[in-house]
Structure formats: structure tokens, C-alpha cells
$ cat model.txt   # compact mmCIF, C-alpha atoms
# COMPACT_ATOMS: atom_id res chain seq x y z
CA MET A 463 90.15 95.50 86.50
CA ALA A 464 91.64 94.13 83.34
CA SER A 465 91.29 90.36 83.39
CA LYS A 466 88.60 87.92 82.40
CA ALA A 467 89.63 84.87 84.41
CA PRO A 468 86.98 83.44 86.74
CA THR A 469 86.78 84.55 90.35
CA THR A 470 85.64 82.75 93.48
CA GLY A 471 84.98 85.51 95.98
CA ASN A 472 88.30 87.37 95.61
CA LEU A 473 88.49 90.92 94.31
CA THR A 474 90.80 89.79 91.52
CA PRO A 475 90.50 86.94 88.99
CA ASP A 476 91.66 83.52 90.16
CA PHE A 477 94.97 82.58 88.52
CA VAL A 478 95.71 78.86 88.53
CA ALA A 479 99.11 77.14 88.48
CA THR A 480 99.20 76.99 84.69
CA ASP A 481 98.62 80.75 84.52
CA TYR A 482 101.66 81.35 86.71
CA MET A 483 103.67 78.93 84.58
CA LYS A 484 102.74 81.03 81.55
CA PHE A 485 103.76 84.21 83.35
CA PHE A 486 107.07 82.55 84.26
CA GLY A 487 107.71 81.33 80.72
CA ALA A 488 106.90 84.69 79.13
CA GLY A 489 109.09 86.54 81.64
CA ALA A 490 111.93 84.04 81.22
CA LEU A 491 111.99 84.45 77.45
CA ALA A 492 111.77 88.23 77.71
CA ALA A 493 114.62 88.59 80.20
CA CYS A 494 116.88 85.91 78.72
CA GLY A 495 116.58 87.27 75.20
CA THR A 496 117.16 90.91 76.11
CA HIS A 497 119.98 90.35 78.63
CA GLY A 498 121.72 87.90 76.31
CA ALA A 499 121.59 90.40 73.44
CA ALA A 500 122.92 93.15 75.72
CA THR A 501 125.97 91.15 76.86
CA PRO A 502 128.50 93.31 74.92
CA ILE A 503 127.11 96.51 76.47
CA ASP A 504 127.15 94.93 79.92
CA VAL A 505 130.75 93.79 79.45
CA VAL A 506 131.84 97.32 78.58
CA LYS A 507 129.82 98.81 81.45
CA THR A 508 131.27 96.36 83.99
CA ARG A 509 134.83 96.90 82.78
CA ILE A 510 134.44 100.69 83.05
CA GLN A 511 133.32 100.18 86.64
CA VAL A 512 136.10 97.82 87.77
CA ASP A 513 139.07 98.23 85.37
CA ASP A 514 141.35 101.15 86.31
CA LYS A 515 142.58 101.39 82.71
CA LEU A 516 139.07 102.06 81.42
CA LYS A 517 137.72 104.36 84.13
CA GLY A 518 136.43 107.64 82.75
CA GLN A 519 136.17 106.38 79.18
CA ASN A 520 132.92 106.51 77.28
CA MET A 521 131.20 103.40 76.03
CA LEU A 522 132.58 103.43 72.47
CA ARG A 523 136.14 104.18 73.47
CA ALA A 524 136.14 101.51 76.18
CA GLY A 525 134.64 98.99 73.76
CA ARG A 526 137.36 99.69 71.20
CA SER A 527 140.04 99.30 73.87
CA ILE A 528 138.68 95.91 74.92
CA VAL A 529 138.46 94.66 71.33
CA ALA A 530 141.95 95.95 70.49
CA GLY A 531 143.52 94.30 73.52
CA GLU A 532 141.51 91.09 73.81
CA GLY A 533 139.66 90.53 70.56
CA ALA A 534 135.99 90.88 69.66
CA ALA A 535 135.09 87.66 71.49
CA ALA A 536 135.82 89.44 74.78
CA LEU A 537 132.58 91.38 74.35
CA LEU A 538 130.66 88.11 74.74
CA THR A 539 132.40 87.16 77.98
CA GLY A 540 129.82 85.96 80.48
CA PHE A 541 127.12 85.26 77.89
CA GLY A 542 126.36 81.80 79.35
CA PRO A 543 125.69 82.83 82.95
CA THR A 544 123.90 85.95 81.73
CA ALA A 545 121.47 83.97 79.57
CA VAL A 546 120.85 81.21 82.11
CA GLY A 547 120.75 83.52 85.12
CA TYR A 548 118.22 85.90 83.62
CA LEU A 549 116.15 83.06 82.21
CA VAL A 550 115.51 82.01 85.81
CA GLN A 551 115.46 85.51 87.29
CA GLY A 552 113.22 86.99 84.60
CA GLY A 553 110.67 84.24 84.91
CA GLY A 554 110.64 84.53 88.68
CA LYS A 555 110.45 88.32 88.63
CA PHE A 556 107.52 88.63 86.24
CA MET A 557 105.64 85.72 87.78
CA GLY A 558 106.34 87.04 91.26
CA TYR A 559 105.10 90.50 90.37
CA GLU A 560 101.83 89.10 89.01
CA PHE A 561 101.45 86.87 92.07
CA PHE A 562 102.14 89.49 94.74
CA LYS A 563 100.18 92.23 92.98
CA LYS A 564 97.13 89.97 92.99
CA LYS A 565 97.63 89.15 96.67
CA PHE A 566 98.03 92.78 97.69
CA VAL A 567 95.03 93.91 95.63
CA ASP A 568 92.91 91.20 97.26
CA TRP A 569 94.10 92.31 100.69
CA ALA A 570 93.02 95.88 99.87
CA GLY A 571 89.44 94.64 99.96
CA THR A 572 87.88 96.92 97.34
CA GLU A 573 88.87 98.22 93.94
CA GLN A 574 88.68 101.79 95.23
CA VAL A 575 91.13 101.10 98.06
CA ALA A 576 93.48 99.18 95.75
CA THR A 577 93.46 102.04 93.25
CA LYS A 578 94.09 104.62 95.97
CA TYR A 579 97.06 102.67 97.29
CA ARG A 580 98.34 101.44 93.94
CA MET A 581 101.81 102.91 94.47
CA PRO A 582 102.49 100.87 97.65
CA ILE A 583 101.06 97.82 95.87
CA TYR A 584 103.38 98.28 92.89
CA LEU A 585 106.39 98.87 95.13
CA SER A 586 105.69 95.93 97.41
CA ALA A 587 104.83 93.47 94.64
CA SER A 588 107.88 94.32 92.56
CA ALA A 589 110.22 94.19 95.57
CA ALA A 590 108.85 90.85 96.80
CA GLY A 591 108.95 89.23 93.36
CA GLU A 592 112.50 90.44 92.76
CA PHE A 593 113.79 89.28 96.15
CA PHE A 594 112.88 85.66 95.53
CA ALA A 595 114.11 85.80 91.93
CA ASP A 596 117.49 87.10 93.14
CA ILE A 597 118.07 84.05 95.30
CA ALA A 598 118.26 82.02 92.09
CA LEU A 599 120.16 84.69 90.17
CA CYS A 600 122.98 85.43 92.63
CA PRO A 601 125.30 82.42 91.96
CA LEU A 602 125.09 82.95 88.21
CA GLU A 603 125.60 86.70 88.52
CA ALA A 604 128.69 86.12 90.68
CA THR A 605 130.05 83.74 88.03
CA ARG A 606 129.33 86.24 85.24
CA ILE A 607 131.15 89.07 86.97
CA ARG A 608 134.17 86.84 87.70
CA LEU A 609 134.34 85.95 83.99
CA VAL A 610 134.03 89.58 82.87
CA SER A 611 136.24 91.28 85.45
CA GLN A 612 139.01 88.65 85.83
CA ARG A 613 140.52 87.87 82.47
CA GLY A 614 141.30 84.16 82.12
CA TYR A 615 139.17 83.16 85.12
CA ALA A 616 137.47 80.37 83.13
CA THR A 617 136.40 79.52 79.60
CA GLY A 618 132.63 79.69 80.18
CA LEU A 619 129.64 79.16 82.45
CA ILE A 620 130.23 75.59 83.64
CA PRO A 621 134.02 75.90 84.23
CA GLY A 622 133.52 79.29 85.90
CA PHE A 623 130.70 78.01 88.11
CA ALA A 624 132.77 74.95 89.05
CA ARG A 625 135.85 77.03 89.89
CA LEU A 626 133.84 79.41 92.05
CA ALA A 627 132.21 76.48 93.86
CA ARG A 628 135.57 74.77 94.38
CA GLU A 629 137.49 77.82 95.58
CA GLU A 630 134.88 79.78 97.50
CA GLY A 631 131.80 77.58 97.91
CA PHE A 632 128.44 78.91 99.07
CA ARG A 633 129.97 82.08 100.46
CA GLY A 634 131.48 82.94 97.09
CA PHE A 635 128.19 82.47 95.29
CA TYR A 636 126.31 84.69 97.74
CA SER A 637 129.02 87.15 98.79
CA GLY A 638 127.32 89.72 96.59
CA PHE A 639 123.73 88.95 97.61
CA VAL A 640 123.22 92.06 99.74
CA PRO A 641 124.45 94.49 97.06
CA LEU A 642 122.60 92.42 94.45
CA ILE A 643 119.27 93.02 96.14
CA PHE A 644 120.26 96.65 96.69
CA LYS A 645 120.71 96.78 92.92
CA GLN A 646 117.92 94.54 91.67
CA ILE A 647 115.09 95.63 93.97
CA PRO A 648 115.42 99.34 93.03
CA TYR A 649 115.72 98.16 89.42
CA ALA A 650 112.49 96.16 89.66
CA VAL A 651 110.71 98.91 91.56
CA GLY A 652 111.62 101.42 88.85
CA GLN A 653 110.82 98.95 86.09
CA PHE A 654 107.34 97.91 87.20
CA SER A 655 106.13 101.01 89.04
CA VAL A 656 107.15 103.52 86.38
CA HIS A 657 105.85 101.22 83.66
CA GLU A 658 102.47 101.07 85.41
CA PHE A 659 102.26 104.84 85.83
CA ALA A 660 103.46 105.52 82.28
CA ASN A 661 100.77 103.19 80.96
CA GLU A 662 98.23 104.91 83.19
CA ALA A 663 99.21 108.35 81.85
CA ILE A 664 99.03 107.17 78.23
CA PHE A 665 95.66 105.48 78.69
CA ARG A 666 94.27 108.49 80.55
CA ALA A 667 95.32 110.75 77.69
CA MET A 668 93.69 108.59 75.02
CA GLY A 669 90.51 107.79 76.96
CA PRO A 670 88.74 104.44 77.53
CA GLU A 671 87.10 104.26 74.09
CA ARG A 672 90.36 104.79 72.24
CA LYS A 673 92.13 102.34 74.57
CA ALA A 674 89.55 99.63 73.83
CA LYS A 675 90.17 99.99 70.07
CA LEU A 676 93.98 99.86 70.11
CA SER A 677 95.47 97.84 67.29
CA HIS A 678 98.23 95.31 67.96
CA ILE A 679 100.87 97.74 66.66
CA GLU A 680 99.50 100.58 68.77
CA ALA A 681 99.45 98.42 71.91
CA THR A 682 103.06 97.45 71.22
CA GLY A 683 103.91 101.14 70.85
CA VAL A 684 102.41 101.86 74.27
CA GLU A 685 104.47 99.06 75.82
CA LEU A 686 107.60 100.36 74.11
CA ALA A 687 107.08 103.96 75.24
CA SER A 688 106.26 103.07 78.84
CA GLY A 689 109.08 100.52 78.92
CA MET A 690 111.65 103.09 77.76
CA THR A 691 110.52 105.49 80.47
CA ALA A 692 110.71 102.73 83.06
CA GLY A 693 114.16 101.76 81.81
CA VAL A 694 115.62 105.17 82.62
CA ALA A 695 114.21 104.99 86.16
CA ALA A 696 115.47 101.43 86.66
CA ALA A 697 118.98 102.36 85.52
CA VAL A 698 119.33 105.44 87.71
CA LEU A 699 117.89 103.81 90.84
CA SER A 700 120.02 100.67 90.61
CA HIS A 701 123.31 102.10 89.34
CA PRO A 702 125.12 102.81 92.65
CA ALA A 703 124.59 99.27 93.93
CA ASP A 704 125.49 97.86 90.50
CA THR A 705 128.88 99.55 90.75
CA LEU A 706 129.42 98.12 94.23
CA LEU A 707 128.32 94.64 93.15
CA SER A 708 130.84 94.58 90.32
CA ALA A 709 133.62 95.64 92.68
CA ILE A 710 132.74 93.14 95.42
CA ASN A 711 132.50 90.21 93.02
CA LYS A 712 135.92 91.18 91.68
CA GLY A 713 137.26 90.92 95.23
CA ALA A 714 137.54 94.60 96.15
CA GLY A 715 137.27 95.73 99.75
CA ASP A 716 138.33 94.24 103.06
CA LYS A 717 137.34 90.57 102.93
CA GLY A 718 137.46 90.44 106.70
CA GLN A 719 134.34 92.56 106.79
CA SER A 720 130.81 91.38 106.21
CA THR A 721 129.41 91.91 102.73
CA THR A 722 127.33 94.81 103.98
CA GLY A 723 130.38 96.31 105.67
CA ARG A 724 132.41 95.96 102.47
CA MET A 725 129.63 97.59 100.53
CA PHE A 726 129.51 100.68 102.74
CA SER A 727 133.31 100.89 102.94
CA LEU A 728 133.57 100.80 99.17
CA ALA A 729 130.81 103.37 98.87
CA ARG A 730 132.84 105.76 101.04
CA GLU A 731 135.99 104.96 99.06
CA PHE A 732 134.37 105.47 95.66
CA GLY A 733 132.53 108.65 96.59
CA PRO A 734 129.22 109.95 95.21
CA LYS A 735 130.54 110.93 91.78
CA ARG A 736 131.93 107.50 90.95
CA LEU A 737 128.92 105.69 92.43
CA LEU A 738 126.36 107.79 90.60
CA LEU A 739 128.10 108.57 87.31
CA SER A 740 130.80 106.00 86.49
CA GLY A 741 129.41 103.84 83.70
CA LEU A 742 125.93 105.38 84.02
CA GLY A 743 125.68 106.35 80.34
CA PRO A 744 126.19 102.81 79.04
CA ARG A 745 123.92 101.48 81.78
CA VAL A 746 121.07 103.82 80.82
CA VAL A 747 121.44 102.85 77.15
CA MET A 748 121.50 99.17 78.05
CA THR A 749 118.66 99.33 80.58
CA VAL A 750 116.28 101.32 78.38
CA GLY A 751 116.66 98.66 75.71
CA LEU A 752 116.38 95.82 78.22
CA VAL A 753 113.27 97.06 80.00
CA ALA A 754 111.42 98.22 76.90
CA GLY A 755 112.28 94.99 75.12
CA GLN A 756 111.21 92.89 78.08
CA PHE A 757 107.77 94.46 78.33
CA VAL A 758 107.17 94.16 74.58
CA ILE A 759 108.33 90.52 74.48
CA TYR A 760 106.48 89.69 77.69
CA ALA A 761 103.21 91.03 76.26
CA GLN A 762 103.71 89.13 72.99
CA CYS A 763 104.60 85.87 74.74
CA LYS A 764 101.60 86.13 77.06
CA THR A 765 99.35 86.50 74.03
CA LEU A 766 100.97 83.57 72.24
CA VAL A 767 100.61 81.16 75.17
CA GLY A 768 97.14 82.37 76.15
CA ALA A 769 98.10 83.80 79.53
CA PRO A 770 95.46 85.95 81.23
CA PRO A 771 95.95 89.72 81.15
CA GLY A 772 97.53 91.35 84.15
CA ILE A 773 95.48 93.02 86.83
CA GLU A 774 95.07 96.77 86.32
CA ILE A 775 94.43 99.22 89.15
CA HIS A 776 95.07 102.35 87.10
CA LYS A 777 93.27 105.59 87.76
CA GLU A 778 92.40 106.78 84.27
CA ASP A 779 89.90 109.57 84.91
$ encode --input "model.txt" --output "C-alpha cells"
Amino acid sequence: MASKAPTTGNLTPDFVATDYMKFFGAGALAACGTHGAATPIDVVKTRIQVDDKLKGQNMLRAGRSIVAGEGAAALLTGFGPTAVGYLVQGGGKFMGYEFFKKKFVDWAGTEQVATKYRMPIYLSASAAGEFFADIALCPLEATRIRLVSQRGYATGLIPGFARLAREEGFRGFYSGFVPLIFKQIPYAVGQFSVHEFANEAIFRAMGPERKAKLSHIEATGVELASGMTAGVAAAVLSHPADTLLSAINKGAGDKGQSTTGRMFSLAREFGPKRLLLSGLGPRVVMTVGLVAGQFVIYAQCKTLVGAPPGIEIHKED
């Protein structure tokens, strides 16, 4: 297992509180930087999903329409809540994944058992880490979607957050929590699980001796390749719920229903084609860049702050 931290009877190395703080900080920087940079793509993607005038348009055409009608600044709508929300969510997600993966590997009892059941470990750890991160993300994500989908809603993060709190309160902040976790948990599962298996395939192909001699540039290339693969999986798995989340936070659906009821009603109304394909192209482009960038930045930040390496349970022979 890849880590050199001390152990005290556990199968895995013992991570202390400062190690988890380093994981959080590296994940926060990775997610905040990538999601902030992708704000224009996300604006276009969200508008394609919820704006009847833009439905069916490709990314470039929709972007031109937004700029022509509202100015270039419209492409940065929601930047504040995006940056702050994913600062918190990214830190929690990466830290949570490291935490729960360690716990589940320890519960496996032996390295052989952990390796055999590595897929359930990856799935469970990523889902658990994402769930707790989403509790912090949801109010900021609701604010972001209001700003993007309702022109003139507010001038930025603080006014938008305050208006949502004043008009809708706790329910408004968490009205989209169920579809958010339906979106974010598949996203995280695709992100971490596919990244792990892509790394495993690459390392198996090169062999342990070649892996041990990887240069910094080569290691970054591995992270980039596996991150791009994981990004496609994350986009496809999370896209249907992402479409529903955008619609619910805009106010679509029967508000007399529960959030889950609204979600399923809207799913029937939209139909499979709209759920699976509307805005998927821009989302794949955005997510590939986000996920690959996050893993590269996360690895670099961990090195810079002296965080321990993650636990590996790959099967490379």
C-alpha cells in the first residue's frame, strides 16, 4: 500500500488531524480553482438546460446568444457562489474520500481482501465523502443557480444568498438537496472510482519498476490521462440529475409536491432524451477539464504541503 506514514496496528497508515487538514486544503484549492475557471461553460450549460430560448443549441451558439443579449459579463454570473461553494465542497470531498477509504480498507482486515473488494470500497468511500460535502455545498449551489437562471435575481453571492434566505429560508437552500446528491454522488463515484481503475490500468501496463522511476512530468501525465477518463464517466453519470437540479432551483415543477416528487414528475415531463442529452456536450467538455484539473492540482498541492500519499489497493499484476 502506497503510504509511508506510521501505523499502530491498523492495516493502513495512521493519518493524524493535520494530514486530513492537508487533504482538505489541497482538495479545496483544486475544486475552487477548476470550478471557478469553468464558470462560463457552466453558465452556458445551465442556460441550455433551463432557458426555452436556448434549448437545442450547441455550446458556442448558446454562448454567443447570451453575450449578444446580456453582455460578456453574463458568462461570469454565479462566480462567487461557485468559487466559495466548491472551495468547501472540494475540500470535504477529497478529505472525505481519503478518510472513508482508509476506514473501509481497515475494516477489510487484510490487504488481499481490500484489493479483492476495491470496487465497493471506492464506491462507498466516494459516496460517503460526497454526501457530507454536499450538505455544505447545497445552499451555495441553490444561490448560484438562482443567479444564473433568473436574470436580475441579485448582483452577486452575498445579495443572492440574503435574498434566498429572506424569501425562502432553510427550505429554499435545501429544496434541491435530493437532486443534488443524485447528481453529486454519481459524479463523485465516477470521478474517484474510474480514476482509481484508470491509474491501475496504466501502472499495470508500465510495470512496478517503471512506475517507481516516474518523473514528475510523467506522474502528472498519468494523473491527467486518468482524470480525463474519469471526467467523462462523472459527466455521463451525473447529467440527468444535473438537469433536474437546474430546473428545480429555477422553480419548475409542482411546488406542492416534495422535492423528490418534483424530481420524478419533471423527469417524466422532460423524457429520456432531454434528461440524457440536453446540454450533455458542454457538460462533458466542462467535466473532463474539471476532473482532470482537480486530480493534477490535488496531487501537486499534496506534494507542496507535505501531505502523505493516498492509500493504494490496486491490483497491478
$ closest_residue --input "model.txt" --among "A:Gly552, A:Gly518, A:Gly755, A:Pro648" --to "Ala598 in chain A" --atoms "only C-alpha atoms"
A:Gly552
$ residues_around --input "model.txt" --residues "Ser720 in chain A" --least-positions-apart "4" --cutoff "12 Å" --atoms "all atoms listed in the file" --output "ChimeraX atom specification"
/A:633,636-641,710,715-716,724-727
$ closest_atom_pairs --input "model.txt" --of "range 551-630 of chain A" --to "range 486-492 of chain A" --cutoff "12 Å" --atoms "all atoms listed in the file" --output "tab-separated table"
residue	atom	partner	partner_atom	distance
A:Gln551	CA	A:Ala490	CA	7.2
A:Gly552	CA	A:Ala490	CA	4.7
A:Gly553	CA	A:Ala490	CA	3.9
A:Gly554	CA	A:Phe486	CA	6.0
A:Lys555	CA	A:Gly489	CA	7.3
A:Phe556	CA	A:Gly489	CA	5.3
A:Met557	CA	A:Phe486	CA	4.9
A:Gly558	CA	A:Phe486	CA	8.3
A:Tyr559	CA	A:Phe486	CA	10.2
A:Glu560	CA	A:Phe486	CA	9.6
A:Phe561	CA	A:Phe486	CA	10.5
A:Gly591	CA	A:Phe486	CA	11.4
A:Ala595	CA	A:Phe486	CA	10.9
$ residues_near_point --input "model.txt" --point "(121.0, 105.4, 96.6)" --cutoff "9 Å" --atoms "all atoms listed in the file" --output "list in words"
Phe644, Pro648, Leu699, Ser700, His701, Pro702, Ala703, Leu737 and Leu738 of chain A
$ write_last_selection --input "model.txt" --atoms "C-alpha atoms" --output "PDB file, keeping the file's coordinate frame"
ATOM      1  CA  PHE A 644     120.260  96.650  96.690  1.00  0.00           C
ATOM      2  CA  PRO A 648     115.420  99.340  93.030  1.00  0.00           C
ATOM      3  CA  LEU A 699     117.890 103.810  90.840  1.00  0.00           C
ATOM      4  CA  SER A 700     120.020 100.670  90.610  1.00  0.00           C
ATOM      5  CA  HIS A 701     123.310 102.100  89.340  1.00  0.00           C
ATOM      6  CA  PRO A 702     125.120 102.810  92.650  1.00  0.00           C
ATOM      7  CA  ALA A 703     124.590  99.270  93.930  1.00  0.00           C
ATOM      8  CA  LEU A 737     128.920 105.690  92.430  1.00  0.00           C
ATOM      9  CA  LEU A 738     126.360 107.790  90.600  1.00  0.00           C
TER      10      LEU A 738
END
$ closest_residue --input "model.txt" --among "A:Leu707, A:Met581, A:Met521, A:Cys763" --to "Lys507 in chain A" --atoms "only C-alpha atoms"
A:Met521
$ residues_around --input "model.txt" --residues "Gly741 in chain A" --least-positions-apart "5" --cutoff "10 Å" --atoms "all atoms listed in the file" --output "PyMOL selection string"
chain A and resi 504+506-512+517-521+701-702+704-705+736+746
$ closest_residue --input "model.txt" --among "A:Ala697, A:Ala479, A:Leu599, A:Ala624" --to "Gly751 in chain A" --atoms "only C-alpha atoms"
A:Ala697
$ residues_around --input "model.txt" --residues "Thr749 in chain A" --least-positions-apart "2" --cutoff "10 Å" --atoms "only C-alpha atoms" --output "count of residues only"
26
$ closest_residue --input "model.txt" --among "A:Thr605, A:Ser611, A:Ser586, A:Gln719" --to "Ser655 in chain A" --atoms "all atoms listed in the file"
A:Ser586
$ axis_aligned_box --input "model.txt" --around "range 480-488 of chain A" --padding-each-side "4 Å" --output "AutoDock Vina command-line options"
--center_x 103.2 --center_y 80.8 --center_z 82.9 --size_x 17.1 --size_y 15.7 --size_z 15.6
$ closest_residue --input "model.txt" --among "A:Val529, A:Leu619, A:Leu602, A:Leu676" --to "Leu549 in chain A" --atoms "all atoms listed in the file"
A:Leu602
$ closest_residue --input "model.txt" --among "A:Lys735, A:Tyr584, A:Tyr760, A:Gly531" --to "Leu516 in chain A" --atoms "all atoms listed in the file"
A:Gly531
$ atom_distance --input "model.txt" --atom1 "CA of Arg526 in chain A" --atom2 "CA of Val546 in chain A"
27.1 Å
$ atom_distance --input "model.txt" --atom1 "CA of Glu592 in chain A" --atom2 "CA of Gly733 in chain A"
27.3 Å
$ residues_near_point --input "model.txt" --point "(131.7, 85.0, 85.8)" --cutoff "8 Å" --atoms "all atoms listed in the file" --output "list in words"
Gly540, Pro543, Leu602, Glu603, Ala604, Thr605, Arg606, Ile607, Arg608, Leu609, Val610, Ser611, Tyr615, Ala616, Gly618, Leu619, Gly622 and Phe623 of chain A
$ write_last_selection --input "model.txt" --atoms "C-alpha atoms" --output "PDB file, in the coordinates of the input"
ATOM      1  CA  GLY A 540     129.820  85.960  80.480  1.00  0.00           C
ATOM      2  CA  PRO A 543     125.690  82.830  82.950  1.00  0.00           C
ATOM      3  CA  LEU A 602     125.090  82.950  88.210  1.00  0.00           C
ATOM      4  CA  GLU A 603     125.600  86.700  88.520  1.00  0.00           C
ATOM      5  CA  ALA A 604     128.690  86.120  90.680  1.00  0.00           C
ATOM      6  CA  THR A 605     130.050  83.740  88.030  1.00  0.00           C
ATOM      7  CA  ARG A 606     129.330  86.240  85.240  1.00  0.00           C
ATOM      8  CA  ILE A 607     131.150  89.070  86.970  1.00  0.00           C
ATOM      9  CA  ARG A 608     134.170  86.840  87.700  1.00  0.00           C
ATOM     10  CA  LEU A 609     134.340  85.950  83.990  1.00  0.00           C
ATOM     11  CA  VAL A 610     134.030  89.580  82.870  1.00  0.00           C
ATOM     12  CA  SER A 611     136.240  91.280  85.450  1.00  0.00           C
ATOM     13  CA  TYR A 615     139.170  83.160  85.120  1.00  0.00           C
ATOM     14  CA  ALA A 616     137.470  80.370  83.130  1.00  0.00           C
ATOM     15  CA  GLY A 618     132.630  79.690  80.180  1.00  0.00           C
ATOM     16  CA  LEU A 619     129.640  79.160  82.450  1.00  0.00           C
ATOM     17  CA  GLY A 622     133.520  79.290  85.900  1.00  0.00           C
ATOM     18  CA  PHE A 623     130.700  78.010  88.110  1.00  0.00           C
TER      19      PHE A 623
END
$ atom_distance --input "model.txt" --atom1 "CA of Lys563 in chain A" --atom2 "CA of Ile583 in chain A"
6.4 Å
